[in-house]
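data_31.cif (mmCIF, C-alpha atoms) appears below.
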data_upload
#
loop_
_atom_site.label_atom_id
_atom_site.label_comp_id
_atom_site.auth_asym_id
_atom_site.auth_seq_id
_atom_site.Cartn_x
_atom_site.Cartn_y
_atom_site.Cartn_z
CA MET A 1 28.96 30.24 -1.55
CA THR A 2 30.31 32.67 1.03
CA ASP A 3 33.75 33.43 2.34
CA ALA A 4 32.71 32.71 5.90
CA PRO A 5 35.24 30.71 7.90
CA HIS A 6 34.86 26.98 7.42
CA ILE A 7 36.65 23.93 8.73
CA GLY A 8 36.44 21.77 5.65
CA GLY A 9 34.81 21.01 2.35
CA CYS A 10 34.51 18.89 -0.77
CA LEU A 11 36.77 18.74 -3.80
CA CYS A 12 34.85 21.33 -5.87
CA GLY A 13 34.09 23.65 -2.96
CA ALA A 14 30.28 23.51 -3.33
CA VAL A 15 29.82 21.84 0.07
CA ARG A 16 31.44 23.25 3.16
CA LEU A 17 31.59 22.10 6.74
CA VAL A 18 31.23 25.36 8.63
CA ALA A 19 30.95 24.14 12.21
CA GLY A 20 31.38 21.01 14.28
CA THR A 21 33.56 19.35 16.86
CA PRO A 22 35.74 16.55 15.46
CA SER A 23 36.54 13.58 17.62
CA ALA A 24 40.14 12.96 18.67
CA HIS A 25 39.88 9.51 17.06
CA MET A 26 39.83 8.33 13.48
CA HIS A 27 39.09 4.81 12.28
CA ALA A 28 39.15 2.83 9.05
CA CYS A 29 36.03 0.85 8.15
CA HIS A 30 36.43 -2.26 6.00
CA CYS A 31 32.73 -3.14 5.66
CA SER A 32 31.41 -4.22 2.29
CA ILE A 33 29.21 -1.12 1.88
CA CYS A 34 32.09 1.30 2.51
CA ARG A 35 34.26 -0.64 0.10
CA ARG A 36 31.62 -0.60 -2.61
CA HIS A 37 30.86 3.08 -2.10
CA THR A 38 34.39 4.38 -2.67
CA GLY A 39 36.32 1.32 -3.76
CA MET A 40 38.16 0.48 -0.59
CA SER A 41 38.19 0.86 3.18
CA GLN A 42 37.18 4.33 4.29
CA PHE A 43 38.72 6.51 6.95
CA ALA A 44 36.16 8.23 9.14
CA MET A 45 36.00 10.60 12.06
CA ASP A 46 32.98 11.39 14.21
CA VAL A 47 31.91 15.02 14.31
CA SER A 48 29.25 16.30 16.69
CA GLY A 49 27.25 19.41 15.92
CA ALA A 50 28.19 19.34 12.23
CA VAL A 51 26.76 22.23 10.19
CA TRP A 52 27.03 22.05 6.41
CA GLU A 53 26.51 24.64 3.69
CA GLY A 54 25.69 23.82 0.10
CA GLU A 55 23.59 21.22 -1.66
CA ILE A 56 24.03 17.70 -0.28
CA GLU A 57 22.68 14.45 -1.72
CA THR A 58 21.97 11.54 0.61
CA TYR A 59 21.46 7.87 -0.06
CA PRO A 60 19.90 5.41 2.43
CA SER A 61 22.54 2.68 2.34
CA SER A 62 20.74 0.55 4.92
CA ASP A 63 17.52 0.68 6.93
CA PHE A 64 19.25 2.62 9.69
CA ALA A 65 21.78 4.95 8.04
CA GLU A 66 22.53 7.24 5.13
CA ARG A 67 25.60 8.29 3.16
CA ALA A 68 26.02 11.84 1.90
CA PHE A 69 27.89 13.18 -1.09
CA CYS A 70 28.32 16.35 -3.11
CA PRO A 71 26.07 16.12 -6.20
CA LYS A 72 28.50 18.25 -8.23
CA CYS A 73 31.83 16.49 -7.64
CA GLY A 74 30.79 13.28 -5.89
CA THR A 75 33.01 13.80 -2.85
CA THR A 76 32.04 11.44 -0.04
CA LEU A 77 30.94 13.63 2.87
CA TYR A 78 29.64 11.58 5.77
CA TYR A 79 27.86 8.51 7.09
CA ARG A 80 25.10 9.03 9.64
CA MET A 81 22.83 6.71 11.59
CA TRP A 82 19.35 8.21 11.55
CA GLU A 83 18.90 7.90 15.30
CA SER A 84 22.11 9.87 15.88
CA ASP A 85 23.19 13.44 15.20
CA VAL A 86 26.85 12.40 14.94
CA HIS A 87 28.22 12.66 11.43
CA SER A 88 31.01 10.22 10.69
CA ILE A 89 32.87 12.33 8.15
CA ASN A 90 35.53 11.82 5.54
CA PRO A 91 38.51 13.21 7.52
CA PHE A 92 40.24 14.47 4.39
CA LEU A 93 37.54 17.12 4.09
CA LEU A 94 39.17 18.93 6.99
CA ARG A 95 41.46 21.83 6.24
CA ASP A 96 43.47 21.14 9.38
CA ARG A 97 44.66 17.55 9.14
CA SER A 98 47.36 17.85 11.78
CA ARG A 99 45.40 15.94 14.41
CA LEU A 100 44.26 12.86 12.49
CA ASN A 101 44.73 10.04 14.96
CA PHE A 102 44.25 6.69 13.19
CA ASP A 103 43.73 4.49 16.21
CA SER A 104 41.28 1.73 15.25
CA GLU A 105 39.95 -0.43 12.42
CA ILE A 106 36.42 -1.85 12.30
CA PHE A 107 34.70 -4.67 10.38
CA ILE A 108 38.16 -6.17 10.02
CA ASP A 109 36.55 -9.51 9.14
CA PHE A 110 35.29 -7.94 5.88
CA LYS A 111 38.72 -6.69 4.74
CA PRO A 112 39.99 -8.41 1.60
CA ASP A 113 43.33 -10.19 1.90
CA THR A 114 44.81 -8.07 -0.90
CA TYR A 115 45.82 -5.20 1.38
CA ALA A 116 46.32 -4.33 5.03
CA PHE A 117 47.29 -1.21 6.95
CA ALA A 118 50.66 -1.51 8.67
CA GLY A 119 51.00 -0.95 12.39
CA ASN A 120 49.28 -2.03 15.56
CA ARG A 121 45.89 -0.73 16.65
CA PRO A 122 42.67 -2.36 17.85
CA ARG A 123 40.97 -4.21 15.00
CA ARG A 124 37.37 -5.14 15.71
CA THR A 125 35.13 -7.59 13.89
CA GLU A 126 31.51 -6.97 12.95
CA ALA A 127 30.37 -8.94 16.02
CA GLU A 128 32.60 -6.86 18.29
CA VAL A 129 31.40 -3.59 16.77
CA LEU A 130 27.72 -4.52 17.06
CA ALA A 131 28.03 -6.07 20.55
CA MET B 1 39.07 -10.74 -19.64
CA THR B 2 35.86 -8.71 -19.47
CA ARG B 3 34.53 -8.04 -16.00
CA THR B 4 31.30 -6.48 -14.82
CA GLY B 5 30.24 -4.47 -11.81
CA LYS B 6 27.75 -2.05 -10.31
CA CYS B 7 27.33 0.75 -7.84
CA LEU B 8 25.87 0.42 -4.36
CA CYS B 9 22.25 1.10 -5.42
CA GLY B 10 22.54 -0.82 -8.69
CA ALA B 11 21.52 2.11 -10.93
CA VAL B 12 24.90 2.13 -12.70
CA THR B 13 26.37 -0.99 -14.25
CA PHE B 14 29.56 -1.41 -16.24
CA THR B 15 31.70 -3.75 -18.27
CA ALA B 16 35.47 -3.26 -18.43
CA GLU B 17 38.68 -4.87 -19.63
CA PRO B 18 41.14 -4.81 -16.71
CA PHE B 19 44.88 -5.03 -17.33
CA GLY B 20 44.99 -7.48 -14.43
CA THR B 21 46.27 -5.66 -11.35
CA SER B 22 45.14 -3.05 -8.83
CA GLN B 23 46.92 0.02 -7.51
CA ALA B 24 46.45 2.65 -4.83
CA CYS B 25 46.62 6.39 -5.43
CA HIS B 26 47.53 8.50 -2.41
CA CYS B 27 47.13 11.93 -4.04
CA ASP B 28 45.37 14.63 -2.12
CA MET B 29 42.47 14.82 -4.57
CA CYS B 30 41.76 11.09 -4.43
CA ARG B 31 41.82 11.07 -0.64
CA THR B 32 39.60 14.15 -0.42
CA TRP B 33 37.19 12.63 -2.93
CA GLY B 34 36.70 9.32 -1.16
CA GLY B 35 38.08 9.41 2.36
CA GLY B 36 41.05 7.17 1.69
CA PRO B 37 43.54 6.17 -0.96
CA TYR B 38 41.89 5.36 -4.30
CA MET B 39 42.24 1.61 -4.83
CA ALA B 40 41.67 1.19 -8.54
CA VAL B 41 41.87 -1.39 -11.26
CA PRO B 42 43.42 0.09 -14.41
CA CYS B 43 41.23 -0.90 -17.37
CA GLU B 44 42.00 -0.73 -21.07
CA THR B 45 38.40 0.13 -21.87
CA ALA B 46 35.19 0.60 -19.89
CA SER B 47 31.53 1.18 -20.66
CA PHE B 48 29.03 2.50 -18.10
CA GLU B 49 25.24 2.56 -18.17
CA GLY B 50 22.94 4.52 -15.87
CA PRO B 51 22.94 7.92 -14.13
CA VAL B 52 26.68 8.62 -14.32
CA GLN B 53 27.74 12.09 -13.15
CA ARG B 54 31.11 13.43 -14.30
CA TYR B 55 33.31 15.95 -12.53
CA ARG B 56 36.29 17.53 -14.27
CA SER B 57 38.79 17.35 -11.43
CA SER B 58 41.78 18.69 -13.35
CA ASP B 59 42.71 19.87 -16.84
CA PHE B 60 43.52 16.31 -17.88
CA ALA B 61 41.07 14.07 -16.06
CA GLU B 62 37.50 13.53 -14.92
CA ARG B 63 35.94 11.48 -12.14
CA GLY B 64 32.64 9.66 -12.39
CA PHE B 65 30.11 8.78 -9.71
CA CYS B 66 26.53 7.53 -9.47
CA GLY B 67 24.12 10.45 -9.20
CA THR B 68 21.74 8.36 -7.10
CA CYS B 69 23.95 6.78 -4.42
CA GLY B 70 27.26 8.61 -4.86
CA THR B 71 29.32 5.47 -5.49
CA HIS B 72 32.63 6.30 -7.14
CA LEU B 73 32.84 4.79 -10.62
CA PHE B 74 36.03 5.88 -12.34
CA PHE B 75 39.02 8.13 -12.81
CA HIS B 76 39.44 8.84 -16.51
CA MET B 77 42.26 10.65 -18.28
CA LEU B 78 40.64 12.69 -21.05
CA GLY B 79 41.40 11.76 -24.61
CA GLY B 80 41.84 8.05 -24.02
CA GLU B 81 39.85 4.92 -23.33
CA ARG B 82 41.61 3.92 -20.11
CA HIS B 83 39.72 4.12 -16.83
CA GLY B 84 40.81 3.49 -13.24
CA ILE B 85 37.83 1.74 -11.66
CA PRO B 86 37.52 1.19 -7.88
CA ILE B 87 38.14 -2.45 -7.06
CA GLY B 88 35.19 -2.43 -4.66
CA ILE B 89 32.56 -2.14 -7.40
CA PHE B 90 33.65 -5.19 -9.39
CA ASP B 91 31.40 -8.24 -9.11
CA ASP B 92 34.52 -10.44 -9.17
CA GLN B 93 37.42 -8.85 -7.25
CA SER B 94 39.67 -11.90 -7.36
CA ASP B 95 43.00 -12.16 -9.19
CA LEU B 96 43.63 -8.41 -9.29
CA PRO B 97 46.85 -8.34 -7.24
CA PHE B 98 47.82 -5.08 -5.53
CA LYS B 99 50.98 -4.24 -7.47
CA GLY B 100 51.56 -0.52 -7.25
CA GLU B 101 51.20 2.71 -5.27
CA ILE B 102 51.24 6.10 -6.94
CA TYR B 103 51.62 9.68 -5.69
CA ILE B 104 53.45 8.10 -2.77
CA ASP B 105 54.96 11.54 -2.03
CA GLU B 106 51.48 12.82 -1.12
CA LYS B 107 50.70 9.96 1.30
CA PRO B 108 50.21 11.19 4.89
CA ASP B 109 52.48 9.54 7.46
CA PHE B 110 49.64 8.21 9.61
CA TYR B 111 48.90 5.23 7.40
CA ALA B 112 50.84 2.86 5.16
CA PHE B 113 50.09 -0.44 3.46
CA GLU B 114 51.84 -3.55 4.64
CA GLY B 115 54.23 -5.15 2.22
CA GLU B 116 56.46 -3.98 -0.58
CA ARG B 117 55.43 -3.06 -4.12
CA LYS B 118 56.38 -0.62 -6.82
CA CYS B 119 55.83 2.99 -5.74
CA LEU B 120 55.87 6.08 -7.96
CA THR B 121 55.86 9.74 -6.97
CA GLY B 122 53.36 12.05 -8.64
CA ALA B 123 56.06 13.42 -10.95
CA GLU B 124 57.20 9.92 -11.93
CA PHE B 125 53.63 8.83 -12.63
CA GLU B 126 52.78 11.88 -14.73
CA ALA B 127 56.01 11.61 -16.74
CA ARG B 128 55.10 8.04 -17.60
CA PHE B 129 51.35 8.12 -18.16
CA ARG B 130 50.19 11.62 -19.05
#
So that I can check it, write out the structure of this file as structure tokens.
Amino acid sequence: MTDAPHIGGCLCGAVRLVAGTPSAHMHACHCSICRRHTGMSQFAMDVSGAVWEGEIETYPSSDFAERAFCPKCGTTLYYRMWESDVHSINPFLLRDRSRLNFDSEIFIDFKPDTYAFAGNRPRRTEAEVLA
Amino acid sequence: MTRTGKCLCGAVTFTAEPFGTSQACHCDMCRTWGGGPYMAVPCETASFEGPVQRYRSSDFAERGFCGTCGTHLFFHMLGGERHGIPIGIFDDQSDLPFKGEIYIDEKPDFYAFEGERKCLTGAEFEARFR
């Protein structure tokens, strides 16, 4: 591990996000895979040009995408569709969290009735997301 | 009543004895670990089988995850049998009402859960359960 400037990282510090351009938008995904992976709906933010340092483990969670985590501490790092170079990252990895703009929810038709996020924002179903 | 569950890839399975409710933890470590509040089912006991990886996240607790797919499996306070297991990995997620929020003082302002339930600050939670 180096002391080079970085913009984010995992809980134990073994994986660092050293470069990338975060989107101005953040969403919550309620799909069944996200909820099984970490227990509930996941916040995510698209980052283009993401460069990571450290050992990363990936798991193919479908036939078109993978999920990445730190093998030392298990921190959820990102979701990525194989045909894309955009990494949809866990926004709480970022050191600067002053610009987290929670402005949409997706796969809302998969959300359990037990909880809901307060407030108004676009909430799209699976069909609307995949359209 | 005993419940069962498994990780995303199926390599880790578990049986647990839930107390009967679920709760959300907003602490910075939980959110950094998983990308959101940690929605867990407090369990009196739990037994896991498979490639469980453990990370000592503080001087009093460890977190478990599947070494194959990275699914989060538990938060465990050392020295006891109790485990907080993510509600999303239970085979049957019914009848586990969302009754509490903890470390509410660490919750960012940009999200909140609808509805009212018992909320504890980090200090209140640690005074009661550590």
(34.9, 9.0, 5.9) in this file's frame - what residues fall within 10 Å of it? Use all atoms listed in the file and give the answer as a VMD selection string. (chain A and resid 26 to 29 34 38 41 to 46 67 76 to 79 87 to 93) or (chain B and resid 31 to 36)
Would you put the residues from that selection into a file with C-alpha atoms, as a short mmCIF file (atom, residue, chain, number, x, y, z; two decimals), keeping the file's coordinate frame?
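Just written: result25.cif:
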data_model
loop_
_atom_site.label_atom_id
_atom_site.label_comp_id
_atom_site.auth_asym_id
_atom_site.auth_seq_id
_atom_site.Cartn_x
_atom_site.Cartn_y
_atom_site.Cartn_z
CA MET A 26 39.83 8.33 13.48
CA HIS A 27 39.09 4.81 12.28
CA ALA A 28 39.15 2.83 9.05
CA CYS A 29 36.03 0.85 8.15
CA CYS A 34 32.09 1.30 2.51
CA THR A 38 34.39 4.38 -2.67
CA SER A 41 38.19 0.86 3.18
CA GLN A 42 37.18 4.33 4.29
CA PHE A 43 38.72 6.51 6.95
CA ALA A 44 36.16 8.23 9.14
CA MET A 45 36.00 10.60 12.06
CA ASP A 46 32.98 11.39 14.21
CA ARG A 67 25.60 8.29 3.16
CA THR A 76 32.04 11.44 -0.04
CA LEU A 77 30.94 13.63 2.87
CA TYR A 78 29.64 11.58 5.77
CA TYR A 79 27.86 8.51 7.09
CA HIS A 87 28.22 12.66 11.43
CA SER A 88 31.01 10.22 10.69
CA ILE A 89 32.87 12.33 8.15
CA ASN A 90 35.53 11.82 5.54
CA PRO A 91 38.51 13.21 7.52
CA PHE A 92 40.24 14.47 4.39
CA LEU A 93 37.54 17.12 4.09
CA ARG B 31 41.82 11.07 -0.64
CA THR B 32 39.60 14.15 -0.42
CA TRP B 33 37.19 12.63 -2.93
CA GLY B 34 36.70 9.32 -1.16
CA GLY B 35 38.08 9.41 2.36
CA GLY B 36 41.05 7.17 1.69
#
Practice task
Do a neighbour search on Ser94 (chain B) at 10 Å with all atoms listed in the file, toss out local chain neighbours closer than 4 positions, and write the hits as a ChimeraX atom specification.
Solution key: /A:112,114 /B:20-21,87,90
Residues matched by the PyMOL selection byres ((chain B and resi 92) around 9) as a PyMOL selection string | chain B and resi 3-5+89-91+93-95
request  = Determine, counting all atoms listed in the file, every residue of protein, DNA or RNA that lies within 9 Å of (36.1, 4.5, -15.3) in the file coordinates, then give the result as a PyMOL selection string.
outcome  = chain B and resi 14+16+42-43+45-48+63-64+73-76+81-86
If you count all atoms listed in the file, the residue of A:Asp96, A:Asp85, A:Glu128, A:Glu57 closest to chain B turns out to be A:Glu57
Atom pair CA of Ser23 (chain A) + CA of Ser104 (chain A), distance 13.0 Å
Residue by residue, what does the PyMOL selection byres ((chain B) within 9 of (chain A)) grab here? Present the result as an NGL selection string.
:B and (6-9 or 28-29 or 31-40 or 53-57 or 63-73 or 85-90 or 96-98 or 110-115)
Let me have the centre and edge lengths in Å, one decimal, of the box along x, y and z around every listed atom of region 75-78 of chain A with 4 Å of margin on each side, as JSON.
{"center_x": 31.3, "center_y": 12.6, "center_z": 1.5, "size_x": 11.4, "size_y": 10.4, "size_z": 16.6}
